[in-house]
>>> print(open('structure_25.txt').read())   # compact mmCIF, C-alpha atoms
# COMPACT_ATOMS: atom_id res chain seq x y z
CA MET A 899 77.34 -75.43 -16.18
CA LYS A 900 77.33 -71.88 -17.33
CA LEU A 901 74.46 -72.67 -19.71
CA ILE A 902 72.36 -74.19 -16.95
CA SER A 903 73.00 -71.28 -14.67
CA ASN A 904 71.84 -68.89 -17.44
CA LYS A 905 68.58 -70.86 -17.94
CA LEU A 906 67.97 -70.87 -14.22
CA ALA A 907 68.52 -67.15 -14.05
CA ALA A 908 66.08 -66.59 -16.94
CA ALA A 909 63.45 -68.74 -15.27
CA LEU A 910 63.83 -66.89 -12.00
CA ALA A 911 63.55 -63.59 -13.82
CA ALA A 912 60.38 -64.72 -15.62
CA VAL A 913 58.80 -65.78 -12.38
CA SER A 914 59.74 -62.53 -10.70
CA ILE A 915 58.24 -60.52 -13.62
CA SER A 916 55.02 -62.50 -13.94
CA SER A 917 54.23 -62.77 -10.29
CA PRO A 918 52.72 -59.27 -10.05
CA VAL A 919 50.47 -60.09 -13.01
CA PHE A 920 49.24 -63.24 -11.35
CA ALA A 921 48.76 -61.27 -8.18
CA LEU A 922 46.74 -58.63 -10.02
CA GLY A 923 44.59 -61.24 -11.77
CA ALA A 924 43.86 -62.87 -8.50
CA SER A 925 42.88 -59.62 -6.92
CA VAL A 926 40.47 -58.75 -9.83
CA THR A 927 38.81 -62.14 -9.63
CA SER A 928 38.46 -61.66 -5.95
CA ALA A 929 36.96 -58.23 -6.40
CA LEU A 930 34.41 -59.47 -8.97
CA SER A 931 33.27 -62.29 -6.82
CA THR A 932 33.10 -59.89 -3.93
CA THR A 933 30.95 -57.48 -6.02
CA ALA A 934 28.52 -60.18 -7.16
CA SER A 935 28.43 -61.54 -3.71
CA SER A 936 27.94 -58.14 -2.18
CA ARG A 937 25.07 -57.42 -4.60
CA GLU A 938 23.35 -60.60 -3.56
CA THR A 939 23.91 -59.91 0.10
CA SER A 940 22.99 -56.25 -0.18
CA PHE A 941 19.96 -56.90 -2.38
CA CYS A 942 17.56 -57.17 0.50
CA THR A 943 19.15 -54.23 2.26
CA GLU A 944 18.80 -52.06 -0.82
CA LEU A 945 15.40 -53.43 -1.87
CA PRO A 946 13.33 -50.56 -0.43
CA THR A 947 15.49 -48.05 -2.32
CA THR A 948 15.29 -50.16 -5.47
CA ILE A 949 11.51 -50.39 -5.22
CA ASN A 950 11.26 -46.66 -4.64
CA THR A 951 13.41 -45.95 -7.71
CA VAL A 952 11.44 -48.32 -9.95
CA ASN A 953 8.08 -46.99 -8.81
CA SER A 954 9.24 -43.41 -9.15
CA ASN A 955 10.44 -44.00 -12.70
CA ILE A 956 7.21 -45.72 -13.68
CA SER A 957 5.18 -42.91 -12.16
CA LYS A 958 7.24 -40.27 -13.94
CA LEU A 959 7.01 -42.01 -17.34
CA THR A 960 3.29 -42.68 -16.89
CA GLY A 961 2.80 -38.99 -16.19
CA LYS A 962 4.58 -38.12 -19.43
CA LEU A 963 2.37 -40.63 -21.24
CA ASN A 964 -0.78 -39.04 -19.83
CA THR A 965 0.45 -35.62 -20.92
CA ALA A 966 1.19 -36.90 -24.42
CA GLN A 967 -2.26 -38.46 -24.62
CA ALA A 968 -3.97 -35.24 -23.57
CA THR A 969 -1.83 -33.20 -25.98
CA ARG A 970 -2.72 -35.57 -28.78
CA LEU A 971 -6.46 -35.01 -28.45
CA SER A 972 -5.94 -31.30 -27.93
CA ASN A 973 -3.83 -31.00 -31.08
CA LEU A 974 -6.37 -32.91 -33.16
CA ASN A 975 -9.26 -30.73 -32.00
CA SER A 976 -7.21 -27.58 -32.44
CA ARG A 977 -6.34 -28.47 -36.03
CA TRP A 978 -9.95 -29.32 -36.83
CA THR A 979 -11.23 -26.08 -35.34
CA LYS A 980 -8.74 -24.08 -37.37
CA ALA A 981 -9.72 -25.93 -40.56
CA ASP A 982 -13.39 -25.24 -39.80
CA GLN A 983 -12.72 -21.54 -39.45
CA THR A 984 -10.79 -21.42 -42.71
CA LEU A 985 -13.49 -23.32 -44.58
CA ALA A 986 -16.26 -21.13 -43.15
CA ALA A 987 -14.42 -18.01 -44.34
CA ASP A 988 -13.86 -19.56 -47.77
CA ARG A 989 -17.52 -20.53 -48.06
CA SER A 990 -18.59 -16.98 -47.26
CA GLN A 991 -16.28 -15.64 -49.96
CA TRP A 992 -17.49 -18.20 -52.50
CA ALA A 993 -21.11 -17.31 -51.70
CA ALA A 994 -20.41 -13.60 -52.16
CA ASP A 995 -18.64 -14.20 -55.48
CA ARG A 996 -21.47 -16.42 -56.63
CA GLN A 997 -24.10 -13.84 -55.70
CA ALA A 998 -22.23 -11.18 -57.62
CA GLN A 999 -22.38 -13.36 -60.72
CA PHE A 1000 -26.06 -14.10 -60.11
CA THR A 1001 -26.73 -10.36 -60.09
CA LYS A 1002 -24.95 -9.95 -63.45
CA LEU A 1003 -26.93 -12.87 -64.78
CA GLU A 1004 -30.20 -11.28 -63.70
CA ALA A 1005 -29.28 -8.17 -65.67
CA LYS A 1006 -29.07 -10.26 -68.84
CA ALA A 1007 -32.62 -11.56 -68.45
CA THR A 1008 -34.96 -9.33 -70.40
CA THR A 1009 -38.10 -11.41 -70.78
CA ASP A 1010 -40.28 -12.92 -68.09
CA SER A 1011 -39.33 -16.43 -69.12
CA GLN A 1012 -35.64 -15.57 -68.94
CA LYS A 1013 -36.09 -13.98 -65.52
CA ALA A 1014 -37.91 -17.05 -64.31
CA ALA A 1015 -35.18 -19.29 -65.73
CA VAL A 1016 -32.48 -17.28 -63.97
CA SER A 1017 -34.39 -17.42 -60.72
CA THR A 1018 -34.77 -21.20 -61.02
CA PHE A 1019 -31.10 -21.54 -61.87
CA GLU A 1020 -30.02 -19.55 -58.85
CA SER A 1021 -32.19 -21.48 -56.45
CA THR A 1022 -31.11 -24.81 -57.96
CA ILE A 1023 -27.40 -23.97 -57.69
CA THR A 1024 -27.77 -22.58 -54.17
CA SER A 1025 -29.67 -25.64 -53.06
CA ALA A 1026 -27.10 -27.98 -54.62
CA ILE A 1027 -24.29 -26.11 -52.86
CA ASN A 1028 -26.07 -26.26 -49.51
CA THR A 1029 -26.70 -29.96 -49.99
CA ARG A 1030 -23.05 -30.59 -50.79
CA GLU A 1031 -21.82 -28.52 -47.85
CA LEU A 1032 -24.06 -30.42 -45.45
CA ALA A 1033 -22.99 -33.75 -46.92
CA ASN A 1034 -19.31 -32.80 -46.71
CA ASP A 1035 -19.75 -31.60 -43.13
CA ALA A 1036 -21.39 -34.90 -42.28
CA ALA A 1037 -18.48 -36.83 -43.84
CA ARG A 1038 -16.00 -34.80 -41.82
CA ALA A 1039 -18.01 -35.20 -38.63
CA THR A 1040 -18.11 -38.95 -39.18
CA TYR A 1041 -14.34 -38.97 -39.70
CA ARG A 1042 -13.68 -36.94 -36.58
CA THR A 1043 -15.94 -39.05 -34.43
CA ALA A 1044 -14.24 -42.18 -35.72
CA VAL A 1045 -10.74 -40.75 -35.10
CA THR A 1046 -11.71 -39.56 -31.63
CA ASN A 1047 -13.17 -42.97 -30.79
CA LEU A 1048 -10.10 -44.67 -32.20
CA VAL A 1049 -7.76 -42.50 -30.15
CA SER A 1050 -9.87 -43.06 -27.02
CA THR A 1051 -9.92 -46.80 -27.57
CA LYS A 1052 -6.17 -46.90 -28.12
CA GLN A 1053 -5.67 -44.74 -25.07
CA SER A 1054 -7.75 -47.06 -22.91
CA GLY A 1055 -5.85 -50.04 -24.27
CA THR A 1056 -2.50 -48.41 -23.62
CA ASN A 1057 -3.48 -47.39 -20.11
CA GLY A 1058 -4.62 -50.96 -19.49
CA GLN A 1059 -1.24 -52.23 -20.66
CA VAL A 1060 0.53 -49.78 -18.37
CA ALA A 1061 -1.68 -50.84 -15.46
CA ALA A 1062 -0.92 -54.51 -16.12
CA PHE A 1063 2.78 -53.72 -16.37
CA THR A 1064 2.72 -51.73 -13.13
CA SER A 1065 0.77 -54.48 -11.41
CA SER A 1066 3.32 -57.08 -12.49
CA VAL A 1067 6.16 -54.91 -11.22
CA ASN A 1068 4.38 -54.30 -7.91
CA SER A 1069 3.78 -58.02 -7.58
CA ALA A 1070 7.49 -58.71 -8.14
CA GLU A 1071 8.32 -56.10 -5.53
CA SER A 1072 5.95 -57.67 -3.01
CA THR A 1073 7.37 -61.10 -3.66
CA ALA A 1074 10.93 -59.83 -3.21
CA THR A 1075 10.00 -57.99 -0.05
CA ALA A 1076 8.41 -61.09 1.44
CA GLY A 1077 11.38 -63.22 0.37
CA CYS A 1078 13.84 -60.84 1.96
CA GLN A 1079 11.86 -60.84 5.20
CA ALA A 1080 11.77 -64.64 5.26
CA ASN A 1081 15.33 -65.32 4.16
CA PRO A 1082 17.50 -62.22 3.71
CA SER A 1083 20.57 -64.17 2.67
CA SER A 1084 18.97 -66.17 -0.14
CA ALA A 1085 20.36 -65.41 -3.59
CA ALA A 1086 17.03 -66.49 -5.05
CA ASN A 1087 15.45 -63.24 -3.86
CA ARG A 1088 17.48 -61.27 -6.39
CA THR A 1089 17.23 -63.67 -9.34
CA THR A 1090 13.48 -64.12 -8.85
CA PHE A 1091 13.00 -60.36 -8.74
CA GLN A 1092 15.09 -59.81 -11.86
CA THR A 1093 13.26 -62.53 -13.77
CA ALA A 1094 9.87 -61.13 -12.82
CA LEU A 1095 10.83 -57.60 -13.88
CA ARG A 1096 12.24 -58.86 -17.17
CA THR A 1097 9.03 -60.79 -17.89
CA ALA A 1098 6.88 -57.76 -17.03
CA ARG A 1099 8.84 -55.52 -19.37
CA THR A 1100 8.93 -58.07 -22.20
CA THR A 1101 5.18 -58.61 -21.96
CA TYR A 1102 4.55 -54.85 -21.99
CA ILE A 1103 6.79 -54.26 -25.01
CA SER A 1104 5.08 -57.12 -26.81
CA TYR A 1105 1.72 -55.44 -26.21
CA ARG A 1106 3.05 -52.15 -27.45
CA ASN A 1107 4.49 -53.62 -30.63
CA SER A 1108 1.15 -55.20 -31.50
CA ASP A 1109 -0.67 -51.92 -30.88
CA ASN A 1110 1.25 -49.59 -33.13
CA ASN A 1111 -1.03 -49.14 -36.17
CA ILE A 1112 -3.14 -46.12 -35.25
CA ALA A 1113 -1.65 -43.94 -38.02
CA SER A 1114 -2.69 -46.33 -40.78
CA GLN A 1115 -6.14 -46.63 -39.21
CA VAL A 1116 -6.53 -42.83 -39.24
CA LYS A 1117 -5.51 -42.74 -42.91
CA ALA A 1118 -8.10 -45.40 -43.73
CA LEU A 1119 -10.79 -43.30 -42.04
CA ALA A 1120 -9.63 -40.25 -43.99
CA GLN A 1121 -9.87 -42.21 -47.23
CA THR A 1122 -13.49 -43.09 -46.43
CA ARG A 1123 -14.17 -39.40 -45.78
CA ASP A 1124 -12.51 -38.30 -49.03
CA THR A 1125 -14.44 -40.89 -51.03
CA ALA A 1126 -17.70 -39.57 -49.58
CA ILE A 1127 -16.69 -36.01 -50.49
CA GLN A 1128 -15.89 -37.07 -54.06
CA THR A 1129 -19.32 -38.65 -54.34
CA ASN A 1130 -20.87 -35.42 -53.06
CA ASP A 1131 -18.89 -33.49 -55.69
CA SER A 1132 -20.13 -35.75 -58.49
CA THR A 1133 -23.73 -35.29 -57.38
CA PHE A 1134 -23.25 -31.53 -57.23
CA LYS A 1135 -21.58 -31.27 -60.64
CA ALA A 1136 -24.40 -33.22 -62.28
CA ALA A 1137 -27.02 -30.93 -60.71
CA ALA A 1138 -25.10 -27.80 -61.73
CA ALA A 1139 -24.61 -28.97 -65.32
CA ALA A 1140 -28.33 -29.76 -65.67
CA ALA A 1141 -29.25 -26.36 -64.27
CA GLU A 1142 -26.97 -24.59 -66.75
CA THR A 1143 -28.40 -26.52 -69.67
CA THR A 1144 -31.91 -25.56 -68.65
CA LEU A 1145 -30.93 -21.95 -68.23
CA LYS A 1146 -29.19 -21.73 -71.61
CA ALA A 1147 -32.30 -23.02 -73.32
CA ALA A 1148 -34.15 -19.93 -72.15
CA PHE A 1149 -31.73 -17.54 -73.86
CA MET B 976 -17.33 -3.27 -151.60
CA SER B 977 -14.46 -5.30 -152.90
CA ARG B 978 -13.84 -8.86 -151.82
CA LEU B 979 -10.74 -7.67 -149.97
CA GLN B 980 -12.75 -5.16 -147.98
CA ARG B 981 -15.45 -7.73 -147.10
CA GLY B 982 -12.77 -10.14 -145.86
CA PHE B 983 -11.22 -7.50 -143.61
CA VAL B 984 -14.56 -6.71 -141.99
CA ALA B 985 -15.08 -10.39 -141.31
CA ILE B 986 -11.70 -10.69 -139.65
CA GLU B 987 -12.44 -7.61 -137.53
CA ALA B 988 -15.71 -9.10 -136.46
CA VAL B 989 -14.07 -12.36 -135.44
CA ILE B 990 -11.42 -10.48 -133.46
CA ILE B 991 -14.05 -8.40 -131.73
CA LEU B 992 -15.99 -11.53 -130.86
CA ILE B 993 -12.89 -13.15 -129.41
CA VAL B 994 -12.09 -10.06 -127.33
CA VAL B 995 -15.67 -9.77 -126.08
CA ALA B 996 -15.77 -13.46 -125.27
CA GLY B 997 -12.44 -13.18 -123.38
CA ILE B 998 -13.60 -10.20 -121.37
CA GLY B 999 -16.85 -11.91 -120.63
CA GLY B 1000 -15.14 -15.11 -119.53
CA ALA B 1001 -12.77 -13.25 -117.29
CA GLY B 1002 -15.64 -11.32 -115.79
CA TYR B 1003 -17.55 -14.48 -115.15
CA GLU B 1004 -14.56 -16.06 -113.50
CA VAL B 1005 -14.10 -13.05 -111.20
CA TYR B 1006 -17.75 -13.04 -110.37
CA HIS B 1007 -17.82 -16.76 -109.75
CA ASN B 1008 -14.84 -16.65 -107.40
CA HIS B 1009 -16.25 -13.71 -105.54
CA HIS B 1010 -19.57 -15.46 -105.19
CA LYS B 1011 -17.92 -18.61 -103.86
CA THR B 1012 -15.97 -16.66 -101.26
CA THR B 1013 -19.03 -14.78 -100.18
CA VAL B 1014 -21.12 -17.90 -99.85
CA ALA B 1015 -18.37 -19.66 -97.91
CA SER B 1016 -18.06 -16.71 -95.58
CA GLN B 1017 -21.78 -16.53 -95.04
CA THR B 1018 -21.93 -20.27 -94.40
CA SER B 1019 -19.12 -20.02 -91.90
CA GLN B 1020 -20.80 -17.17 -90.12
CA SER B 1021 -24.05 -19.04 -90.09
CA THR B 1022 -22.44 -22.18 -88.61
CA ALA B 1023 -20.65 -20.13 -86.01
CA GLY B 1024 -23.90 -18.52 -85.14
CA LYS B 1025 -25.47 -21.87 -84.42
CA THR B 1026 -22.74 -22.91 -81.85
CA ALA B 1027 -22.04 -19.43 -80.65
CA SER B 1028 -22.44 -18.32 -77.10
CA THR B 1029 -25.69 -17.31 -75.70
CA PRO B 1030 -25.71 -13.88 -74.08
CA ILE B 1031 -25.18 -15.47 -70.68
CA ASP B 1032 -22.24 -17.72 -71.51
CA SER B 1033 -19.65 -15.43 -70.02
CA ASN B 1034 -21.70 -15.29 -66.82
CA LEU B 1035 -21.95 -19.05 -66.70
CA GLN B 1036 -18.22 -19.37 -67.22
CA SER B 1037 -17.62 -17.10 -64.27
CA ILE B 1038 -20.08 -19.07 -62.16
CA ASP B 1039 -18.43 -22.33 -63.23
CA SER B 1040 -15.09 -20.94 -62.15
CA ILE B 1041 -16.43 -20.08 -58.70
CA LEU B 1042 -18.11 -23.46 -58.34
CA SER B 1043 -14.89 -25.24 -59.34
CA GLN B 1044 -12.97 -23.20 -56.84
CA GLN B 1045 -15.39 -24.22 -54.11
CA THR B 1046 -15.25 -27.87 -55.17
CA SER B 1047 -11.48 -27.84 -54.93
CA GLY B 1048 -11.56 -25.98 -51.63
CA GLU B 1049 -14.12 -28.32 -50.07
CA THR B 1050 -11.99 -31.32 -51.04
CA SER B 1051 -8.68 -29.98 -49.85
CA ALA B 1052 -9.97 -28.33 -46.68
CA TYR B 1053 -9.25 -31.44 -44.63
CA ALA B 1054 -7.48 -33.81 -46.98
CA GLN B 1055 -4.26 -31.85 -46.53
CA ASN B 1056 -4.46 -32.48 -42.77
CA THR B 1057 -4.72 -36.26 -43.08
CA ASN B 1058 -1.02 -36.93 -42.57
CA ALA B 1059 -0.90 -34.48 -39.69
CA ASP B 1060 -3.88 -36.21 -38.06
CA ALA B 1061 -2.22 -39.61 -38.45
CA SER B 1062 1.02 -38.30 -37.02
CA THR B 1063 -0.74 -36.66 -34.10
CA ALA B 1064 -2.77 -39.79 -33.40
CA GLN B 1065 0.38 -41.86 -32.91
CA SER B 1066 2.31 -39.10 -31.14
CA ALA B 1067 1.76 -40.71 -27.73
CA ASN B 1068 3.13 -44.08 -28.84
CA SER B 1069 6.74 -43.29 -28.00
CA ALA B 1070 5.74 -42.06 -24.56
CA ALA B 1071 3.86 -45.33 -24.05
CA SER B 1072 6.86 -47.38 -25.12
CA ASN B 1073 9.13 -45.39 -22.82
CA VAL B 1074 7.22 -46.67 -19.77
CA GLY B 1075 8.78 -50.06 -20.43
CA GLY B 1076 12.20 -48.50 -19.88
CA ALA B 1077 11.49 -47.55 -16.28
CA TYR B 1078 14.25 -49.86 -15.05
CA ASN B 1079 17.04 -52.22 -16.02
CA GLU B 1080 16.72 -55.28 -13.84
CA ALA B 1081 20.37 -56.13 -14.38
CA ASP B 1082 21.28 -53.12 -12.26
CA PHE B 1083 19.65 -54.59 -9.14
>>> encode(input="structure_25.txt", output="structure tokens")
Amino acid sequence: MKLISNKLAAALAAVSISSPVFALGASVTSALSTTASSRETSFCTELPTTINTVNSNISKLTGKLNTAQATRLSNLNSRWTKADQTLAADRSQWAADRQAQFTKLEAKATTDSQKAAVSTFESTITSAINTRELANDAARATYRTAVTNLVSTKQSGTNGQVAAFTSSVNSAESTATAGCQANPSSAANRTTFQTALRTARTTYISYRNSDNNIASQVKALAQTRDTAIQTNDSTFKAAAAAAETTLKAAF
Amino acid sequence: MSRLQRGFVAIEAVIILIVVAGIGGAGYEVYHNHHKTTVASQTSQSTAGKTASTPIDSNLQSIDSILSQQTSGETSAYAQNTNADASTAQSANSAASNVGGAYNEADF
């Protein structure tokens, strides 16, 4: 009897202890269902604010993209201009140094044939240098034009992707707005909107991932430029070596 | 002249001949060595003269140095910017990708 009464007391105690837990669990479940339910019911009410937020974010991020695109072209042109200035200064210095050596060479020519040989040598070297400079400039111009075109093409493609993305989002917004006007209490308004936005973003990201190779394309263009410059160097070196051989024969 | 005296003179003559021959041989050897050295030196100088610089070689070396400097400068003038160009070209990519993060549909 005493044993039974102890078990009964323990059971009553367990129930009394666990009841608040059950009560709390029930209240959480109720709150969650209320939240989900309230989101569905408030979706149409909050839709204008949601649309405004989405459009504002897209506009803000698109603005940053446009700035980055403009900065990109500006930085490329700025670097090229600076390199041009440096090269022009170097070429002037090389020409001055070369002329100084030509003058010393002229002093070594004592006979008419030697003077004529020096004169021919100077004009041959100068001509070969001018030819190489023009050829190198052409290779660089070709590279720059190709890079600029590549960047412009990529920019157009990216802007097209952004436009398609924005259009898809706007379409989802219009559909949701119409759905909410027709049936404000339908849960499908929210799920349809979410699905459309997810699809729009996934499609956009897929485009972006397939359009992420501009750096390697620029390097390939640079390689073509450098190969052309190496060819120009080989042509120049052959002309210079032949000119020196001819000149030496006169002394 | 006694036989003894005649024999002594003969021995003296032989000794003198040997001494003269030795001096002569040594002299020839010295002369020969000296001649060889001189000829070798002259040959060396002559060979060097054939491959030696012309009066303008130092000038040409200086000109070659300037031309090499320009060749190197022309090549590196833009090659060193290649990586920077590539990096700049793709600098807008992250901004483009960020547009896709304009919203999280799960929040709506």
>>> closest_atom_pairs(input="structure_25.txt", of="chain A", to="chain B", cutoff="7 Å", atoms="only C-alpha atoms", output="CSV")
residue,atom,partner,partner_atom,distance
A:Val952,CA,B:Tyr1078,CA,6.0
A:Asn955,CA,B:Ala1077,CA,5.1
A:Ile956,CA,B:Ala1077,CA,5.3
A:Leu959,CA,B:Val1074,CA,5.3
A:Thr960,CA,B:Val1074,CA,6.3
A:Lys962,CA,B:Ala1070,CA,6.6
A:Leu963,CA,B:Ala1070,CA,4.9
A:Ala966,CA,B:Ala1067,CA,5.1
A:Gln967,CA,B:Ala1067,CA,5.6
A:Arg970,CA,B:Thr1063,CA,5.8
A:Leu974,CA,B:Asp1060,CA,6.4
A:Ala981,CA,B:Ala1052,CA,6.6
A:Leu985,CA,B:Ala1052,CA,6.5
A:Trp992,CA,B:Ile1041,CA,6.6
A:Arg996,CA,B:Ile1038,CA,6.3
A:Gln999,CA,B:Ile1038,CA,6.3
A:Leu1003,CA,B:Asn1034,CA,6.1
A:Lys1006,CA,B:Ile1031,CA,6.8
A:Val1049,CA,B:Ala1064,CA,6.5
A:Gln1092,CA,B:Glu1080,CA,5.2
A:Leu1095,CA,B:Glu1080,CA,6.3
A:Arg1096,CA,B:Glu1080,CA,6.6
A:Arg1099,CA,B:Gly1075,CA,5.6
A:Tyr1102,CA,B:Gly1075,CA,6.6
A:Ile1103,CA,B:Gly1075,CA,6.5
A:Arg1106,CA,B:Ser1072,CA,6.5
A:Ile1112,CA,B:Gln1065,CA,6.0
A:Ala1113,CA,B:Ala1061,CA,4.4
A:Val1116,CA,B:Ala1061,CA,5.4
A:Lys1117,CA,B:Ala1061,CA,6.4
A:Ala1120,CA,B:Thr1057,CA,6.4
A:Ile1127,CA,B:Thr1050,CA,6.7
A:Asp1131,CA,B:Thr1046,CA,6.7
A:Lys1146,CA,B:Thr1029,CA,7.0
A:Phe1149,CA,B:Thr1029,CA,6.3
>>> atom_distance(input="structure_25.txt", atom1="CA of Ile949 (chain A)", atom2="CA of Thr1075 (chain A)")
9.3 Å
>>> residues_around(input="structure_25.txt", residues="Ser1104 (chain A)", least_positions_apart="3", cutoff="12 Å", atoms="all atoms listed in the file", output="PDB file with C-alpha atoms, keeping the file's coordinate frame")
ATOM      1  CA  THR A1056      -2.500 -48.410 -23.620  1.00  0.00           C
ATOM      2  CA  GLN A1059      -1.240 -52.230 -20.660  1.00  0.00           C
ATOM      3  CA  PHE A1063       2.780 -53.720 -16.370  1.00  0.00           C
ATOM      4  CA  THR A1097       9.030 -60.790 -17.890  1.00  0.00           C
ATOM      5  CA  ALA A1098       6.880 -57.760 -17.030  1.00  0.00           C
ATOM      6  CA  ARG A1099       8.840 -55.520 -19.370  1.00  0.00           C
ATOM      7  CA  THR A1100       8.930 -58.070 -22.200  1.00  0.00           C
ATOM      8  CA  THR A1101       5.180 -58.610 -21.960  1.00  0.00           C
ATOM      9  CA  ASN A1107       4.490 -53.620 -30.630  1.00  0.00           C
ATOM     10  CA  SER A1108       1.150 -55.200 -31.500  1.00  0.00           C
ATOM     11  CA  ASP A1109      -0.670 -51.920 -30.880  1.00  0.00           C
ATOM     12  CA  ASN A1110       1.250 -49.590 -33.130  1.00  0.00           C
TER      13      ASN A1110
ATOM     14  CA  SER B1072       6.860 -47.380 -25.120  1.00  0.00           C
ATOM     15  CA  GLY B1075       8.780 -50.060 -20.430  1.00  0.00           C
TER      16      GLY B1075
END
>>> atom_distance(input="structure_25.txt", atom1="CA of Ala1086 (chain A)", atom2="CA of Val1067 (chain A)")
17.0 Å
>>> decode(input="structure_25.txt", residues="region 1015-1030 of chain A", atoms="C-alpha atoms", output="compact mmCIF listing (two decimals), in the first residue's frame")
# COMPACT_ATOMS: atom_id res chain seq x y z
CA ALA A 1015 80.33 53.59 -94.58
CA VAL A 1016 79.62 55.31 -91.25
CA SER A 1017 76.91 57.41 -92.85
CA THR A 1018 75.29 54.32 -94.35
CA PHE A 1019 75.54 52.52 -91.03
CA GLU A 1020 73.88 55.35 -89.16
CA SER A 1021 71.01 55.65 -91.60
CA THR A 1022 70.53 51.87 -91.68
CA ILE A 1023 70.41 51.59 -87.88
CA THR A 1024 68.13 54.60 -87.52
CA SER A 1025 65.78 53.26 -90.15
CA ALA A 1026 65.72 49.81 -88.52
CA ILE A 1027 64.93 51.38 -85.15
CA ASN A 1028 62.13 53.50 -86.60
CA THR A 1029 60.71 50.45 -88.34
CA ARG A 1030 60.77 48.45 -85.12
